[in-house]
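To start, the structure under review is shown below, and the notes come after it.
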Amino acid sequence: MIQSVALSEQKRLSLQESVVGKSLLNIIDNQSIQIFFQPIVDLKTQKIFSFEALSRGPVNTSFFSPLNLFNAAIEQGCLLELDYLTRQLAMQNFASRAGEHQHKAKLFLNVSVSTIMSDSHEEGVTLSYIKNLDLDPQDVVIEITELQPIEDPEVFMKAIHHYRKMGFKVAIDDLGSGYNGLKLWTDVKPDFVKIDKHFVDDIDEDSDKYRFIETVMTLANSLGTKIIVEGVETEPQLKVLEELGVDYVQGYLFKKPEPSTALTLNYEWKASNKAYLGPQEVVSSIVEKTLSMPCDCNVEEVANYLLENPAVEHLVVLNEQKPVGIVWRREIMDILASKFGRDLYFRKTIDKVMDKAPLIFEKDTPLVEVSHAVTEMDSTEKSAFIVQEKDQYLGTGSFMALLRIMTNLRVKNAEYANPLSGLPGNVPIQNKLQACLNSNSLFSIIYIDVDNFKPYNDYYSFEQGDGVITCISNVLQKVTDDKLDFIGHVGGDDFIIIREGDKVKKLCKAVLSEFESHLSEFYTAEDFERKSIVAKNREDVEVSFPLMSLSLGVLIIAPGIYQHTQKLASVVTKAKKMAKKTEGNSFFILDSSDTE
């Protein structure tokens, strides 16, 4: 139930003196605020981490714009009351939609600096709202919006510490566009910092913006702050932010603000394909049926069952057939052991004490993705995850079973890996190529060959030649993208990159540039200065050979052109030969549609 916002009689009279003031008074009295939610996405798990609550005024009025609404409130002196109202509405709407987000997402609440600094600001108001709605303060983030400069830092910091003491986390909004910027960051030491959307516009083409985010990430890592980048609208922007290691993103690419808090996105990632384990290794292969309980079952019944069955470590909680949580033996036993545990919890339903945010995977999720999600977990106390099929419970998988099968798969892959570079060899390369053809999607092959490697190997020694191979392996791993690229070592001085899509020019240039930066390491100063070595050719005659360089033959493969991998080899060889016609580092791109 939303409490009415108390306006003093003097303030009411003041608001009635103008058209704008009357409109604001009507909005506050009638609670004419709409709440929208926009997801904040975790780039590690590629899932919704939280929702930011956004307020809108009445439709078809200028106050539908939050900027107009809150600026008018500042001018009319009723920002505090409007802020209280929007906060209440946001929390109530979020709590009422718990069935959509299943308590798996945090809530970001915007609070202006002016509100925090106001003499009329009441401590504990937000906490009392939350308790009434059965929300957890640890799942709420106070997002500080810099609408005005901070005039009294001491009072402001006291308010921030008060929020933290109550269990809230703190975020700073729009770093780079506010009044206080880095000073506010260093003083508040926030849990999250939001980067203004200005810095993500054209970041895939603007090197200055790239360096800015890169610098911010370095600072954030040193201060233990998580970075959220706003305004992500295109896939190229997303790829750059993933490359930079940004923690969270928010923007229209994923979902526009809407009343729903459903845990679904409008954007779908394609599976990472740098480490290819084959097509059959999905999570359903390690599912075990675990006993489940309905969510309206009481705590006492579950506790008694666990006491009678000491081998059971966890139970899955279902709402009809949809998994909504896990009950861990350890946590129930802690309740039993606590002084007032039985009195406080035994008559409550199990959904009040269950783990509301277990890991849940669809049955066809690749084990690589499952392993990554488990590795990134903050908790070290969980031991299992849930597997479902279209929201219907199938069973659970244990972390130990996952570890065992992943270890076996890596051992199996290692048998096919090149011992010198550690990269996948011909068997996984062929498997990956066939999988790309079967997917019927656009992809590219970059074949890397080292020019003048044999004379170098003969002249300097096989040991130093091995060093060149290792260096190339490191170069390729440095410049490629985990989400887009698969790297293989064909053998000898031949490597391959299989890239999703056809954006290869920038990658080719990066490979050549990075290799060029290491070239001097392999030669004596005299040979490098002369740009050549003198070695015997196959006829045992001494001749001058240029320094090593790379020739990259690129084949862009459109869907439906090839059905099997056999034909690819000859066409890629053609592209490589074209690249070798140019002396020094070079690449040549051939489109498969031009080869038929």
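Residue names in the structure tokens use chain letters A, B, ... in the order shown, residue numbers from 1 in each chain, and ligand numbers from 1 in the order shown.
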_For Lys158 (chain A), find every residue with an atom within 12 Å (counting only C-alpha atoms), except residues of its own chain fewer than 5 positions away, and show them as a PyMOL selection string._
chain A and resi 116-117+123+152-153+163-165+187-188
Would you export the selected residues with C-alpha atoms as a PDB file, in the first residue's frame, please?
```
ATOM      1  CA  ILE A 116      19.934  13.294   0.426  1.00  0.00           C
ATOM      2  CA  MET A 117      21.090  16.807   1.396  1.00  0.00           C
ATOM      3  CA  GLU A 123      16.359   8.638   7.722  1.00  0.00           C
ATOM      4  CA  ASP A 152      28.148  20.091   2.113  1.00  0.00           C
ATOM      5  CA  PRO A 153      30.298  16.965   1.560  1.00  0.00           C
ATOM      6  CA  TYR A 163      22.422   3.856   3.668  1.00  0.00           C
ATOM      7  CA  ARG A 164      25.362   1.457   3.741  1.00  0.00           C
ATOM      8  CA  LYS A 165      24.863   0.714   7.430  1.00  0.00           C
ATOM      9  CA  ASP A 187      34.945   9.960  -1.496  1.00  0.00           C
ATOM     10  CA  VAL A 188      31.960   7.589  -1.685  1.00  0.00           C
TER      11      VAL A 188
END
```
*Among region 404-564 of chain A, which residues carry a DSSP assignment of strand (DSSP E or B), reported as a ChimeraX atom specification?*
/A:417,424,443-451,485-491,494-500,532-536,542-546,549-557
Go ahead and dump the residues you just picked, N, CA and C atoms, as a compact mmCIF listing (two decimals), in the first residue's frame.
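This is the output file result-v3.txt:
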```txt
# COMPACT_ATOMS: atom_id res chain seq x y z
N ALA A 417 45.64 -31.60 -29.25
CA ALA A 417 46.28 -30.29 -29.27
C ALA A 417 47.72 -30.40 -29.75
N PRO A 424 44.39 -26.17 -30.37
CA PRO A 424 43.75 -27.33 -30.99
C PRO A 424 44.40 -27.68 -32.32
N PHE A 443 30.64 -17.17 -41.82
CA PHE A 443 31.87 -17.20 -41.03
C PHE A 443 33.08 -17.04 -41.94
N SER A 444 34.24 -16.85 -41.34
CA SER A 444 35.46 -16.61 -42.10
C SER A 444 36.59 -17.51 -41.61
N ILE A 445 37.48 -17.87 -42.54
CA ILE A 445 38.69 -18.62 -42.22
C ILE A 445 39.89 -17.73 -42.53
N ILE A 446 40.78 -17.58 -41.57
CA ILE A 446 42.04 -16.87 -41.81
C ILE A 446 43.17 -17.88 -41.66
N TYR A 447 43.85 -18.15 -42.78
CA TYR A 447 44.95 -19.12 -42.77
C TYR A 447 46.25 -18.34 -42.66
N ILE A 448 47.04 -18.64 -41.63
CA ILE A 448 48.28 -17.88 -41.36
C ILE A 448 49.49 -18.74 -41.69
N ASP A 449 50.33 -18.22 -42.57
CA ASP A 449 51.55 -18.93 -42.97
C ASP A 449 52.74 -18.00 -42.76
N VAL A 450 53.85 -18.56 -42.26
CA VAL A 450 55.05 -17.76 -42.00
C VAL A 450 55.95 -17.81 -43.22
N ASP A 451 56.23 -16.67 -43.82
CA ASP A 451 57.14 -16.58 -44.96
C ASP A 451 58.58 -16.65 -44.46
N ASP A 485 36.09 -15.97 -32.04
CA ASP A 485 37.17 -16.65 -32.74
C ASP A 485 37.56 -18.00 -32.15
N PHE A 486 37.90 -18.88 -33.03
CA PHE A 486 38.51 -20.18 -32.70
C PHE A 486 39.90 -20.19 -33.33
N ILE A 487 40.92 -20.55 -32.56
CA ILE A 487 42.29 -20.60 -33.08
C ILE A 487 42.75 -22.04 -33.13
N GLY A 488 43.36 -22.43 -34.23
CA GLY A 488 43.91 -23.77 -34.36
C GLY A 488 45.33 -23.74 -34.91
N HIS A 489 46.09 -24.79 -34.61
CA HIS A 489 47.45 -24.93 -35.11
C HIS A 489 47.46 -26.12 -36.07
N VAL A 490 47.50 -25.81 -37.36
CA VAL A 490 47.44 -26.86 -38.39
C VAL A 490 48.67 -27.75 -38.32
N GLY A 491 49.81 -27.15 -38.02
CA GLY A 491 51.07 -27.88 -37.95
C GLY A 491 52.20 -27.01 -38.48
N ASP A 494 51.98 -23.20 -39.75
CA ASP A 494 50.65 -22.88 -40.27
C ASP A 494 49.61 -22.86 -39.14
N PHE A 495 48.86 -21.76 -39.09
CA PHE A 495 47.81 -21.59 -38.08
C PHE A 495 46.51 -21.22 -38.79
N ILE A 496 45.42 -21.28 -38.02
CA ILE A 496 44.12 -20.94 -38.58
C ILE A 496 43.28 -20.23 -37.53
N ILE A 497 42.55 -19.22 -37.99
CA ILE A 497 41.53 -18.58 -37.15
C ILE A 497 40.19 -18.76 -37.84
N ILE A 498 39.20 -19.23 -37.10
CA ILE A 498 37.84 -19.35 -37.64
C ILE A 498 37.01 -18.31 -36.91
N ARG A 499 36.52 -17.34 -37.67
CA ARG A 499 35.81 -16.20 -37.08
C ARG A 499 34.34 -16.19 -37.46
N GLU A 500 33.51 -15.92 -36.48
CA GLU A 500 32.08 -15.73 -36.71
C GLU A 500 31.86 -14.41 -37.46
N SER A 532 67.76 -9.00 -43.59
CA SER A 532 67.91 -10.28 -44.30
C SER A 532 68.91 -11.16 -43.57
N ILE A 533 68.87 -12.46 -43.91
CA ILE A 533 69.90 -13.40 -43.44
C ILE A 533 70.46 -14.13 -44.66
N VAL A 534 71.65 -14.64 -44.51
CA VAL A 534 72.27 -15.41 -45.60
C VAL A 534 72.26 -16.87 -45.19
N ALA A 535 71.55 -17.70 -45.97
CA ALA A 535 71.43 -19.12 -45.65
C ALA A 535 71.39 -19.92 -46.94
N LYS A 536 71.58 -21.20 -46.80
CA LYS A 536 71.58 -22.08 -47.98
C LYS A 536 70.15 -22.42 -48.37
N GLU A 542 74.27 -20.62 -51.06
CA GLU A 542 74.02 -19.53 -50.14
C GLU A 542 73.32 -18.37 -50.85
N VAL A 543 72.20 -17.99 -50.31
CA VAL A 543 71.45 -16.87 -50.87
C VAL A 543 70.94 -16.00 -49.72
N SER A 544 70.50 -14.80 -50.05
CA SER A 544 69.96 -13.88 -49.06
C SER A 544 68.45 -14.06 -48.96
N PHE A 545 67.97 -14.23 -47.71
CA PHE A 545 66.54 -14.38 -47.48
C PHE A 545 66.02 -13.18 -46.67
N PRO A 546 64.86 -12.66 -47.04
CA PRO A 546 64.28 -11.57 -46.25
C PRO A 546 63.91 -12.06 -44.85
N SER A 549 57.92 -12.94 -42.35
CA SER A 549 56.69 -12.14 -42.39
C SER A 549 55.51 -13.11 -42.40
N LEU A 550 54.33 -12.60 -42.29
CA LEU A 550 53.13 -13.44 -42.30
C LEU A 550 52.30 -13.17 -43.54
N SER A 551 51.81 -14.25 -44.13
CA SER A 551 50.85 -14.15 -45.23
C SER A 551 49.53 -14.73 -44.74
N LEU A 552 48.48 -13.93 -44.81
CA LEU A 552 47.17 -14.34 -44.31
C LEU A 552 46.21 -14.50 -45.49
N GLY A 553 45.79 -15.74 -45.73
CA GLY A 553 44.78 -16.00 -46.74
C GLY A 553 43.42 -16.09 -46.09
N VAL A 554 42.49 -15.24 -46.51
CA VAL A 554 41.19 -15.14 -45.85
C VAL A 554 40.09 -15.60 -46.80
N LEU A 555 39.24 -16.47 -46.31
CA LEU A 555 38.08 -16.92 -47.07
C LEU A 555 36.82 -16.62 -46.27
N ILE A 556 35.94 -15.80 -46.85
CA ILE A 556 34.65 -15.51 -46.22
C ILE A 556 33.61 -16.47 -46.80
N ILE A 557 32.95 -17.21 -45.92
CA ILE A 557 32.09 -18.32 -46.36
C ILE A 557 30.63 -17.99 -46.09
```
*Could you tell me which of A:Thr61, A:Gln38, A:Thr480, A:Asn474 comes closest to Leu109 (chain A) if we count only C-alpha atoms?*
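Looking at the shortest contact to Leu109 (chain A), the residue is A:Gln38.
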*With only C-alpha atoms as the atoms that count, which of A:Pro58, A:Gly465, A:Pro366, A:Gly395 lies nearest to Asn452 (chain A)?*
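Once distances to Asn452 (chain A) are computed over only C-alpha atoms, the minimum belongs to A:Gly465.
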*Identify, on the basis of only C-alpha atoms, every residue whose closest approach to Glu529 (chain A) does not exceed 12 Å; exclude the query and any residue fewer than 2 positions from it along the same chain; express the result as a count of residues only.*
12
*asked:* Report as a PyMOL selection string all protein, DNA and RNA residues lying within 10 Å of Gln92 (chain A), evaluated on only C-alpha atoms, omitting residues in the same chain fewer than 4 positions from it.
replied: chain A and resi 1-2+35+86-88+96-97+129-130+132-133+135
*For Ala98 (chain A), list every protein, DNA or RNA residue within 12 Å, evaluated using only C-alpha atoms, and leave out those in the same chain fewer than 3 positions away; present the list as a ChimeraX atom specification.*
/A:91-95,101-107,133-135,260-263,324,356
Written file, previous selection with N, CA and C atoms, as a PDB file, in the first residue's frame:
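again.pdb, written as the output of this step:
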```pdb
ATOM      1  N   MET A  91       9.491   0.494  -5.603  1.00  0.00           N
ATOM      2  CA  MET A  91       9.668  -0.682  -4.751  1.00  0.00           C
ATOM      3  C   MET A  91       8.408  -1.549  -4.735  1.00  0.00           C
ATOM      4  N   GLN A  92       7.239  -0.905  -4.689  1.00  0.00           N
ATOM      5  CA  GLN A  92       6.006  -1.702  -4.678  1.00  0.00           C
ATOM      6  C   GLN A  92       5.838  -2.458  -5.989  1.00  0.00           C
ATOM      7  N   ASN A  93       6.073  -1.773  -7.115  1.00  0.00           N
ATOM      8  CA  ASN A  93       5.938  -2.437  -8.419  1.00  0.00           C
ATOM      9  C   ASN A  93       6.928  -3.587  -8.562  1.00  0.00           C
ATOM     10  N   PHE A  94       8.145  -3.358  -8.090  1.00  0.00           N
ATOM     11  CA  PHE A  94       9.173  -4.409  -8.172  1.00  0.00           C
ATOM     12  C   PHE A  94       8.777  -5.612  -7.328  1.00  0.00           C
ATOM     13  N   ALA A  95       8.308  -5.351  -6.108  1.00  0.00           N
ATOM     14  CA  ALA A  95       7.902  -6.446  -5.212  1.00  0.00           C
ATOM     15  C   ALA A  95       6.692  -7.188  -5.768  1.00  0.00           C
ATOM     16  N   HIS A 101      10.615 -11.772 -11.910  1.00  0.00           N
ATOM     17  CA  HIS A 101      12.074 -11.789 -11.735  1.00  0.00           C
ATOM     18  C   HIS A 101      12.543 -12.813 -10.715  1.00  0.00           C
ATOM     19  N   GLN A 102      11.607 -13.463 -10.007  1.00  0.00           N
ATOM     20  CA  GLN A 102      11.906 -14.596  -9.127  1.00  0.00           C
ATOM     21  C   GLN A 102      12.983 -14.283  -8.087  1.00  0.00           C
ATOM     22  N   HIS A 103      13.057 -13.008  -7.679  1.00  0.00           N
ATOM     23  CA  HIS A 103      14.054 -12.577  -6.690  1.00  0.00           C
ATOM     24  C   HIS A 103      15.485 -12.816  -7.175  1.00  0.00           C
ATOM     25  N   LYS A 104      15.666 -12.887  -8.483  1.00  0.00           N
ATOM     26  CA  LYS A 104      17.014 -13.138  -9.015  1.00  0.00           C
ATOM     27  C   LYS A 104      17.719 -11.848  -9.427  1.00  0.00           C
ATOM     28  N   ALA A 105      17.039 -10.717  -9.324  1.00  0.00           N
ATOM     29  CA  ALA A 105      17.612  -9.454  -9.784  1.00  0.00           C
ATOM     30  C   ALA A 105      17.553  -8.415  -8.676  1.00  0.00           C
ATOM     31  N   LYS A 106      18.539  -7.541  -8.673  1.00  0.00           N
ATOM     32  CA  LYS A 106      18.553  -6.423  -7.743  1.00  0.00           C
ATOM     33  C   LYS A 106      17.718  -5.278  -8.313  1.00  0.00           C
ATOM     34  N   LEU A 107      17.452  -4.300  -7.470  1.00  0.00           N
ATOM     35  CA  LEU A 107      16.697  -3.113  -7.877  1.00  0.00           C
ATOM     36  C   LEU A 107      17.558  -1.884  -7.672  1.00  0.00           C
ATOM     37  N   LEU A 133       7.475  -4.484   2.284  1.00  0.00           N
ATOM     38  CA  LEU A 133       7.286  -5.211   1.020  1.00  0.00           C
ATOM     39  C   LEU A 133       8.021  -6.548   1.006  1.00  0.00           C
ATOM     40  N   ASP A 134       8.665  -6.910   2.134  1.00  0.00           N
ATOM     41  CA  ASP A 134       9.388  -8.176   2.247  1.00  0.00           C
ATOM     42  C   ASP A 134      10.544  -8.256   1.243  1.00  0.00           C
ATOM     43  N   LEU A 135      11.192  -7.103   0.995  1.00  0.00           N
ATOM     44  CA  LEU A 135      12.390  -7.078   0.164  1.00  0.00           C
ATOM     45  C   LEU A 135      13.623  -7.096   1.062  1.00  0.00           C
ATOM     46  N   SER A 260       7.406  -4.463 -17.239  1.00  0.00           N
ATOM     47  CA  SER A 260       7.725  -5.838 -16.855  1.00  0.00           C
ATOM     48  C   SER A 260       9.133  -5.957 -16.278  1.00  0.00           C
ATOM     49  N   THR A 261       9.310  -6.947 -15.394  1.00  0.00           N
ATOM     50  CA  THR A 261      10.646  -7.306 -14.897  1.00  0.00           C
ATOM     51  C   THR A 261      10.993  -8.739 -15.300  1.00  0.00           C
ATOM     52  N   ALA A 262      10.473  -9.167 -16.431  1.00  0.00           N
ATOM     53  CA  ALA A 262      10.768 -10.522 -16.912  1.00  0.00           C
ATOM     54  C   ALA A 262      12.251 -10.659 -17.207  1.00  0.00           C
ATOM     55  N   LEU A 263      12.805 -11.830 -16.885  1.00  0.00           N
ATOM     56  CA  LEU A 263      14.246 -12.071 -17.025  1.00  0.00           C
ATOM     57  C   LEU A 263      14.613 -12.527 -18.434  1.00  0.00           C
ATOM     58  N   VAL A 324      11.923 -22.677  -8.834  1.00  0.00           N
ATOM     59  CA  VAL A 324      12.030 -21.303  -8.351  1.00  0.00           C
ATOM     60  C   VAL A 324      13.087 -21.149  -7.260  1.00  0.00           C
ATOM     61  N   LYS A 356      16.787 -18.161  -3.400  1.00  0.00           N
ATOM     62  CA  LYS A 356      15.925 -17.681  -4.479  1.00  0.00           C
ATOM     63  C   LYS A 356      16.686 -17.396  -5.771  1.00  0.00           C
TER      64      LYS A 356
END
```
*If you measure from CA of Ala384 (chain A) to CA of Gly397 (chain A), what distance in Å do you get, rounded to one decimal?*
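Those two atoms sit 5.6 Å apart.
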*asked:* Give me the residues near Lys11 (chain A) as a list in words, where near means some atom within 9 Å (using only C-alpha atoms) and where sequence neighbours in that chain fewer than 5 positions away do not count.
replied: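 Contacts, in chain order: Gln16, Gly77 and Cys78 of chain A.
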_I need the residues of region 176-313 of chain A that end up classed as alpha helix (DSSP H) by DSSP on the backbone, written out as a ChimeraX atom specification._
/A:181-188,207-223,235-244,299-308
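Take the candidates A:Phe168, A:Trp328, A:Tyr393, A:Phe212 and check each one against Val287 (chain A) using only C-alpha atoms; the shortest distance goes to A:Tyr393.
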*Within 9 Å of Lys47 (chain A) using only C-alpha atoms, minus same-chain residues under 3 positions, as number ranges by chain*: A: 40-44, 263-265
Please, could you write that set of residues out with C-alpha atoms as a short mmCIF file (atom, residue, chain, number, x, y, z; two decimals), in the first residue's frame?
```cif
data_model
loop_
_atom_site.label_atom_id
_atom_site.label_comp_id
_atom_site.auth_asym_id
_atom_site.auth_seq_id
_atom_site.Cartn_x
_atom_site.Cartn_y
_atom_site.Cartn_z
CA ILE A 40 21.28 -4.11 -16.34
CA VAL A 41 23.08 -7.08 -17.89
CA ASP A 42 26.04 -9.00 -16.47
CA LEU A 43 28.51 -9.51 -19.32
CA LYS A 44 30.08 -12.54 -17.64
CA LEU A 263 14.25 -12.07 -17.02
CA THR A 264 14.37 -12.19 -20.82
CA LEU A 265 16.40 -10.05 -23.23
#
```
_I'd like to know which of A:Leu315, A:Asp540, A:Arg530, A:Ile48 is closest to Lys255 (chain A), using only C-alpha atoms._
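That would be A:Ile48, the residue with the smallest distance to Lys255 (chain A).
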